[in-house]
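Chemist: Pasting a structure here, questions to come.
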Number of protein chains: 2
Amino acid sequence: MPTSPSETAPLRRDAQRNLERILDAARDAFAEDGVEAGVDDIARRAGVGVGTLYRRFPTKEALIDAVVDRRADEIAGLVAEAEAEDDPWEGFVLLLGGLLERHARDRGFKALVADRMAATGRPSLRERLRPQLVRILTRAQDAGALRDDITVEDLTVQVWGAGRAVEITGDIAPDYWRRHLAILLDGLRAPRATPLPGPPLTETEGEALTAAWTAACRSGR
Amino acid sequence: MPTSPSETAPLRRDAQRNLERILDAARDAFAEDGVEAGVDDIARRAGVGVGTLYRRFPTKEALIDAVVDRRADEIAGLVAEAEAEDDPWEGFVLLLGGLLERHARDRGFKALVADRMAATGRPSLRERLRPQLVRILTRAQDAGALRDDITVEDLTVQVWGAGRAVEITGDIAPDYWRRHLAILLDGLRAPRATPLPGPPLTETEGEALTAAWTAACRSGR
DNA sequence: CAGCAAGCGGAGGAGGGGTTCCGCTTTCCG
DNA sequence: CGGAAAGCGGAACCCCTCCTCCGCTTGCTG
């Protein structure tokens, strides 16, 4: 747990500085290339050797976790913003838009979204966010704006898919996500919803999916 | 071009048999593991050595191409079926449903879909299919069933995203794609569609996207 | 049946990741 | 200031995958 400041002996000043540099470099590298960015590249960006990197993070995975942890506030902020929005539908749109926009601009974001709900690893983030998500969803449904036959699992899968689509378009048409989202929203709006076939995913299935998705993200794509 | 039968000397009988075995094994391996299935694994499934495989296909990429070529008829058949359907909307739904169902059941299908439109490599398939696609789309629009502000590019991106989502759910909930599709269709239906923001992708952008998508599929996302 | 070209298999090369190791440097504290 | 412990760098290592090479085998043809 190198990120927790108050544990065992404090880091030497140079070590602390290098730790910051590594985290910053990793954030940038992941944003540009996704989690498949190489450790050598990250170390070079940070101006340190790979040995230094591995002194702080026993494995690349641990580095990813640390970067994700650091950025978790970003998602938490977005969700809070969405919940604070007066209009339930607008709040819902704000959330989805925020997610897709980040997907379009930042390739490392996928790992963040995956981790946000991950069943494995650090549950704090996911457990903190999920209730908020449900609230945003049901609030929009109670207001009659969002179709009431979809569940959080449906929404999650939709976001994964849309995120992937928008991620691909991000390099070529950075604003295309708005169009994509508009189509998705038309499918989610209440007024003209067609009954959905088949049962929704159970929460257990949702968790299994999340685990699979996380694994896929971790291994690069 | 090992797949074209009438070229230079005909293959020896054992070689011909091994060629079939390799193609079958590759099809199965890709369906199970996606294009990231290893060549050693494919050779083992086929009951041949990797040397034999490489005698026929200069590179793994060429093998993928050959498998995709062989399966191209599957997509062509689906598209033809969709076009032959009396009701324009039903034809459209048939097409999307067929694509998503295959995505859910067959991990190698993604490569096929990518290649179907690929700007690089074998253009025949893509060029043959695209006009049909446009016809299916415009027919449904002219019938007033499909919203008339979407383009083939929009549709393609939607299918990529939905395919990804459904691919993940395929292992856990093989029929979930129906639910996902239903939501997507509600977003695509004409009645009371909300105007889309921003311009659609140009055809040039569409081609660039396809190339990027193909590259991503080839390298195993 | 004999000769030989085509075909075969699988050990090993090549290259690209992540990870380790160890001799040198820097910081800190008495 | 001086010594010890923490930190540093990056070459080397491991492992995994695609691909090559070459001595042996098999099927075809006269």
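By convention in this document, the chains of the structure tokens carry letters A, B, ... by their order, each chain's residues are numbered from 1, and ligands are numbered from 1 in the order they are shown.
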Please identify all polymer residues within 12 Å of DG23 in chain D, counting only C-alpha atoms (C1' of nucleotides), omitting same-chain residues fewer than 6 positions from it, and present them as a PyMOL selection string.

Modeler: chain C and resi 8-11

Chemist: Based on the selection just made, write N, CA, C and O atoms (P, O5', C5', C4', C3', O3' and C1' of nucleotides) of those residues as a PDB file, in the first residue's frame.

Modeler:
ATOM      1  P    DC C   8       1.307 -31.337 -45.547  1.00  0.00           P
ATOM      2  O5'  DC C   8       2.333 -31.874 -44.459  1.00  0.00           O
ATOM      3  C5'  DC C   8       2.397 -33.276 -44.232  1.00  0.00           C
ATOM      4  C4'  DC C   8       3.425 -33.558 -43.175  1.00  0.00           C
ATOM      5  C3'  DC C   8       3.224 -32.728 -41.910  1.00  0.00           C
ATOM      6  O3'  DC C   8       2.871 -33.588 -40.846  1.00  0.00           O
ATOM      7  C1'  DC C   8       5.525 -32.739 -42.629  1.00  0.00           C
ATOM      8  P    DG C   9       2.194 -32.979 -39.561  1.00  0.00           P
ATOM      9  O5'  DG C   9       3.434 -32.875 -38.565  1.00  0.00           O
ATOM     10  C5'  DG C   9       4.131 -34.057 -38.243  1.00  0.00           C
ATOM     11  C4'  DG C   9       5.376 -33.700 -37.479  1.00  0.00           C
ATOM     12  C3'  DG C   9       5.103 -32.810 -36.258  1.00  0.00           C
ATOM     13  O3'  DG C   9       5.765 -33.394 -35.146  1.00  0.00           O
ATOM     14  C1'  DG C   9       6.736 -31.795 -37.665  1.00  0.00           C
ATOM     15  P    DG C  10       5.215 -33.190 -33.693  1.00  0.00           P
ATOM     16  O5'  DG C  10       6.466 -32.613 -32.897  1.00  0.00           O
ATOM     17  C5'  DG C  10       7.784 -32.964 -33.284  1.00  0.00           C
ATOM     18  C4'  DG C  10       8.699 -31.760 -33.180  1.00  0.00           C
ATOM     19  C3'  DG C  10       8.337 -30.806 -32.021  1.00  0.00           C
ATOM     20  O3'  DG C  10       9.541 -30.340 -31.462  1.00  0.00           O
ATOM     21  C1'  DG C  10       8.497 -29.607 -33.971  1.00  0.00           C
ATOM     22  P    DA C  11       9.884 -30.598 -29.932  1.00  0.00           P
ATOM     23  O5'  DA C  11      11.426 -30.225 -29.804  1.00  0.00           O
ATOM     24  C5'  DA C  11      12.389 -30.865 -30.618  1.00  0.00           C
ATOM     25  C4'  DA C  11      13.365 -29.851 -31.209  1.00  0.00           C
ATOM     26  C3'  DA C  11      13.893 -28.821 -30.214  1.00  0.00           C
ATOM     27  O3'  DA C  11      15.258 -28.533 -30.530  1.00  0.00           O
ATOM     28  C1'  DA C  11      12.775 -27.701 -31.946  1.00  0.00           C
TER      29       DA C  11
END

Chemist: Give me the residues of chain C that have any atom at most 12 Å from an atom of chain A; for each, the nearest atom pair and the distance in Å, rounded to one decimal. Use only C-alpha atoms (C1' of nucleotides), sort by chain and number, and format it as a Markdown table.

Modeler:
| residue | atom | partner | partner_atom | distance |
| --- | --- | --- | --- | --- |
| C:DG16 | C1' | A:Gly38 | CA | 10.1 |
| C:DG17 | C1' | A:Gly38 | CA | 7.5 |
| C:DG18 | C1' | A:Val39 | CA | 7.7 |
| C:DT19 | C1' | A:Thr59 | CA | 8.0 |
| C:DT20 | C1' | A:Gly51 | CA | 8.6 |
| C:DC21 | C1' | A:Gly51 | CA | 9.4 |
| C:DC22 | C1' | A:Gly51 | CA | 11.0 |
| C:DT25 | C1' | A:Asp14 | CA | 11.9 |
| C:DT26 | C1' | A:Asp14 | CA | 8.4 |
| C:DT27 | C1' | A:Arg12 | CA | 6.9 |
| C:DC28 | C1' | A:Arg12 | CA | 8.3 |

Chemist: Using only C-alpha atoms, find each residue of chain B with at least one atom at most 6 Å away from an atom of chain A; report its shortest atom-to-atom pair and that distance in Å (one decimal), sort the rows by chain and rising residue number, and return the result as a Markdown table.

Modeler:
| residue | atom | partner | partner_atom | distance |
| --- | --- | --- | --- | --- |
| B:Val157 | CA | A:Ala165 | CA | 5.8 |
| B:Gly161 | CA | A:Gly161 | CA | 4.2 |
| B:Ala162 | CA | A:Gly161 | CA | 5.2 |
| B:Arg164 | CA | A:Gly161 | CA | 5.6 |
| B:Ala165 | CA | A:Gly161 | CA | 4.5 |
| B:Arg179 | CA | A:Pro197 | CA | 5.6 |
| B:Ile183 | CA | A:Gly187 | CA | 5.1 |
| B:Leu184 | CA | A:Gly187 | CA | 5.7 |
| B:Asp186 | CA | A:Gly187 | CA | 4.4 |
| B:Gly187 | CA | A:Gly187 | CA | 3.5 |
| B:Leu196 | CA | A:Arg179 | CA | 5.8 |
| B:Pro197 | CA | A:Arg179 | CA | 5.6 |
| B:Arg221 | CA | A:Arg221 | CA | 4.8 |

Chemist: Using only C-alpha atoms (C1' of nucleotides), which residues sit within 10 Å of Glu203 in chain A once same-chain residues fewer than 6 positions away are excluded, as a PDB file with N, CA and C atoms, in the first residue's frame?

Modeler:
ATOM      1  N   THR A 151     -32.912  -2.038 -15.572  1.00  0.00           N
ATOM      2  CA  THR A 151     -32.263  -2.163 -14.270  1.00  0.00           C
ATOM      3  C   THR A 151     -30.856  -1.562 -14.349  1.00  0.00           C
ATOM      4  N   VAL A 152     -30.223  -1.510 -13.209  1.00  0.00           N
ATOM      5  CA  VAL A 152     -28.847  -1.020 -13.192  1.00  0.00           C
ATOM      6  C   VAL A 152     -27.959  -1.903 -14.066  1.00  0.00           C
ATOM      7  N   GLU A 153     -28.239  -3.194 -14.099  1.00  0.00           N
ATOM      8  CA  GLU A 153     -27.439  -4.091 -14.920  1.00  0.00           C
ATOM      9  C   GLU A 153     -27.573  -3.733 -16.402  1.00  0.00           C
ATOM     10  N   LEU A 209     -20.513 -10.658 -14.702  1.00  0.00           N
ATOM     11  CA  LEU A 209     -20.184  -9.878 -15.898  1.00  0.00           C
ATOM     12  C   LEU A 209     -19.107  -8.859 -15.589  1.00  0.00           C
TER      13      LEU A 209
END

Chemist: Check range 1-204 of chain A with DSSP on the backbone and list each residue it calls helix (DSSP H, G or I), as an MDAnalysis selection string.

Modeler: chainID A and resid 13:33 39:46 50:56 60:84 88:105 109:116 123:142 152:170 176:188 203:204

Chemist: Go ahead and write the selection's residues with C-alpha atoms as a tab-separated table (two decimals), in the first residue's frame.

Modeler:
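Output file out05.tsv is given in full below:
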chain	number	residue	atom	x	y	z
A	13	ARG	CA	12.09	13.06	-0.17
A	14	ASP	CA	13.44	11.86	-3.51
A	15	ALA	CA	11.42	8.68	-3.26
A	16	GLN	CA	8.25	10.63	-2.60
A	17	ARG	CA	8.91	12.85	-5.58
A	18	ASN	CA	9.55	9.86	-7.81
A	19	LEU	CA	6.39	8.20	-6.62
A	20	GLU	CA	4.38	11.22	-7.73
A	21	ARG	CA	6.16	11.29	-11.03
A	22	ILE	CA	5.44	7.63	-11.64
A	23	LEU	CA	1.76	8.01	-10.86
A	24	ASP	CA	1.48	11.06	-13.10
A	25	ALA	CA	3.35	9.35	-15.91
A	26	ALA	CA	1.21	6.25	-15.59
A	27	ARG	CA	-1.97	8.30	-15.66
A	28	ASP	CA	-0.84	10.01	-18.85
A	29	ALA	CA	0.39	6.84	-20.47
A	30	PHE	CA	-2.84	4.99	-19.71
A	31	ALA	CA	-4.86	7.90	-21.02
A	32	GLU	CA	-2.99	7.83	-24.31
A	33	ASP	CA	-2.43	4.14	-24.89
A	39	VAL	CA	6.17	-0.23	-17.93
A	40	ASP	CA	9.36	0.84	-19.67
A	41	ASP	CA	7.45	3.65	-21.34
A	42	ILE	CA	5.92	4.74	-18.05
A	43	ALA	CA	9.29	4.71	-16.33
A	44	ARG	CA	10.83	6.74	-19.16
A	45	ARG	CA	8.03	9.31	-19.00
A	46	ALA	CA	8.57	9.56	-15.26
A	50	VAL	CA	11.92	0.48	-14.07
A	51	GLY	CA	13.59	-0.69	-10.88
A	52	THR	CA	12.33	2.41	-9.10
A	53	LEU	CA	8.86	1.76	-10.36
A	54	TYR	CA	8.96	-1.81	-9.14
A	55	ARG	CA	10.25	-0.71	-5.74
A	56	ARG	CA	6.93	1.09	-5.17
A	60	LYS	CA	2.00	-3.48	-13.00
A	61	GLU	CA	-1.45	-4.39	-11.80
A	62	ALA	CA	-0.74	-2.64	-8.51
A	63	LEU	CA	0.27	0.45	-10.44
A	64	ILE	CA	-2.99	0.40	-12.36
A	65	ASP	CA	-4.88	0.07	-9.10
A	66	ALA	CA	-3.04	3.02	-7.64
A	67	VAL	CA	-3.78	5.21	-10.66
A	68	VAL	CA	-7.41	4.18	-10.62
A	69	ASP	CA	-7.63	4.91	-6.92
A	70	ARG	CA	-6.30	8.35	-7.50
A	71	ARG	CA	-8.82	9.06	-10.21
A	72	ALA	CA	-11.76	7.56	-8.39
A	73	ASP	CA	-12.76	10.96	-7.12
A	74	GLU	CA	-13.40	11.98	-10.68
A	75	ILE	CA	-16.16	9.42	-11.06
A	76	ALA	CA	-17.46	10.03	-7.60
A	77	GLY	CA	-17.68	13.72	-8.42
A	78	LEU	CA	-19.52	13.03	-11.64
A	79	VAL	CA	-22.04	10.80	-9.91
A	80	ALA	CA	-22.54	13.32	-7.15
A	81	GLU	CA	-23.06	16.05	-9.71
A	82	ALA	CA	-25.64	13.92	-11.48
A	83	GLU	CA	-27.45	13.26	-8.24
A	84	ALA	CA	-27.41	16.92	-7.28
A	88	PRO	CA	-34.00	13.78	-12.64
A	89	TRP	CA	-33.69	13.19	-16.35
A	90	GLU	CA	-31.04	15.85	-16.76
A	91	GLY	CA	-29.07	14.30	-13.96
A	92	PHE	CA	-29.26	10.95	-15.66
A	93	VAL	CA	-28.12	12.45	-18.96
A	94	LEU	CA	-25.32	14.28	-17.22
A	95	LEU	CA	-24.02	11.02	-15.82
A	96	LEU	CA	-24.08	9.13	-19.09
A	97	GLY	CA	-22.67	12.06	-21.00
A	98	GLY	CA	-19.85	12.47	-18.53
A	99	LEU	CA	-18.97	8.82	-18.78
A	100	LEU	CA	-19.02	8.76	-22.58
A	101	GLU	CA	-17.10	11.98	-22.95
A	102	ARG	CA	-14.30	10.60	-20.80
A	103	HIS	CA	-14.33	7.38	-22.72
A	104	ALA	CA	-13.86	9.34	-25.92
A	105	ARG	CA	-10.98	11.41	-24.61
A	109	PHE	CA	-10.87	5.61	-18.38
A	110	LYS	CA	-12.14	2.22	-19.37
A	111	ALA	CA	-10.08	0.67	-16.61
A	112	LEU	CA	-11.55	3.16	-14.20
A	113	VAL	CA	-15.12	2.38	-15.15
A	114	ALA	CA	-14.41	-1.31	-14.94
A	115	ASP	CA	-12.87	-0.94	-11.55
A	116	ARG	CA	-15.60	1.29	-10.33
A	123	PRO	CA	-14.75	-2.88	-3.21
A	124	SER	CA	-14.94	0.50	-1.54
A	125	LEU	CA	-15.41	2.48	-4.72
A	126	ARG	CA	-17.99	0.19	-6.21
A	127	GLU	CA	-19.96	-0.16	-3.03
A	128	ARG	CA	-19.95	3.54	-2.45
A	129	LEU	CA	-21.15	4.32	-5.97
A	130	ARG	CA	-23.70	1.66	-6.69
A	131	PRO	CA	-26.42	2.94	-4.34
A	132	GLN	CA	-26.03	6.40	-5.82
A	133	LEU	CA	-26.40	4.91	-9.27
A	134	VAL	CA	-29.58	3.15	-8.27
A	135	ARG	CA	-30.92	6.36	-6.84
A	136	ILE	CA	-30.22	8.30	-10.01
A	137	LEU	CA	-31.89	5.60	-12.04
A	138	THR	CA	-35.00	5.21	-9.93
A	139	ARG	CA	-35.38	8.94	-9.51
A	140	ALA	CA	-35.51	9.35	-13.28
A	141	GLN	CA	-37.93	6.45	-13.51
A	142	ASP	CA	-40.20	7.83	-10.79
A	152	VAL	CA	-28.85	-1.02	-13.19
A	153	GLU	CA	-27.44	-4.09	-14.92
A	154	ASP	CA	-29.02	-3.09	-18.24
A	155	LEU	CA	-27.60	0.36	-17.89
A	156	THR	CA	-24.14	-0.91	-17.04
A	157	VAL	CA	-24.03	-3.12	-20.11
A	158	GLN	CA	-25.26	-0.26	-22.26
A	159	VAL	CA	-22.51	1.97	-20.94
A	160	TRP	CA	-19.87	-0.67	-21.62
A	161	GLY	CA	-21.03	-1.01	-25.20
A	162	ALA	CA	-21.42	2.68	-25.81
A	163	GLY	CA	-18.08	3.32	-24.16
A	164	ARG	CA	-16.40	0.94	-26.54
A	165	ALA	CA	-18.05	2.50	-29.56
A	166	VAL	CA	-17.18	5.99	-28.47
A	167	GLU	CA	-13.66	4.99	-27.56
A	168	ILE	CA	-13.06	3.92	-31.15
A	169	THR	CA	-14.50	7.11	-32.57
A	170	GLY	CA	-12.64	9.28	-30.09
A	176	TYR	CA	-19.24	11.93	-31.96
A	177	TRP	CA	-20.18	10.57	-28.55
A	178	ARG	CA	-22.97	13.13	-28.37
A	179	ARG	CA	-24.68	11.60	-31.37
A	180	HIS	CA	-24.21	8.12	-30.08
A	181	LEU	CA	-25.57	9.09	-26.71
A	182	ALA	CA	-28.59	10.77	-28.26
A	183	ILE	CA	-29.58	7.53	-29.95
A	184	LEU	CA	-29.02	5.59	-26.76
A	185	LEU	CA	-31.10	8.07	-24.79
A	186	ASP	CA	-33.96	7.76	-27.25
A	187	GLY	CA	-33.92	4.08	-26.44
A	188	LEU	CA	-33.94	4.72	-22.73
A	203	GLU	CA	-27.49	-9.04	-9.63
A	204	THR	CA	-25.37	-12.18	-9.43

Chemist: Report, in Å with one decimal, the straight-line distance from C1' of DA11 in chain D to C1' of DG12 in chain C.

Modeler: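 Going from C1' of DA11 in chain D over to C1' of DG12 in chain C, I get 24.0 Å.
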
Chemist: Just need the residues of chain D within 8 Å of chain B, counting only C-alpha atoms (C1' of nucleotides), so spit them out as a list in words.

Modeler: DT17, DC18, DC19 and DG27 of chain D

Chemist: May I ask for the distance between CA of Asp149 in chain A and CA of Pro174 in chain B, given in Å to one decimal place?

Modeler: 19.9 Å
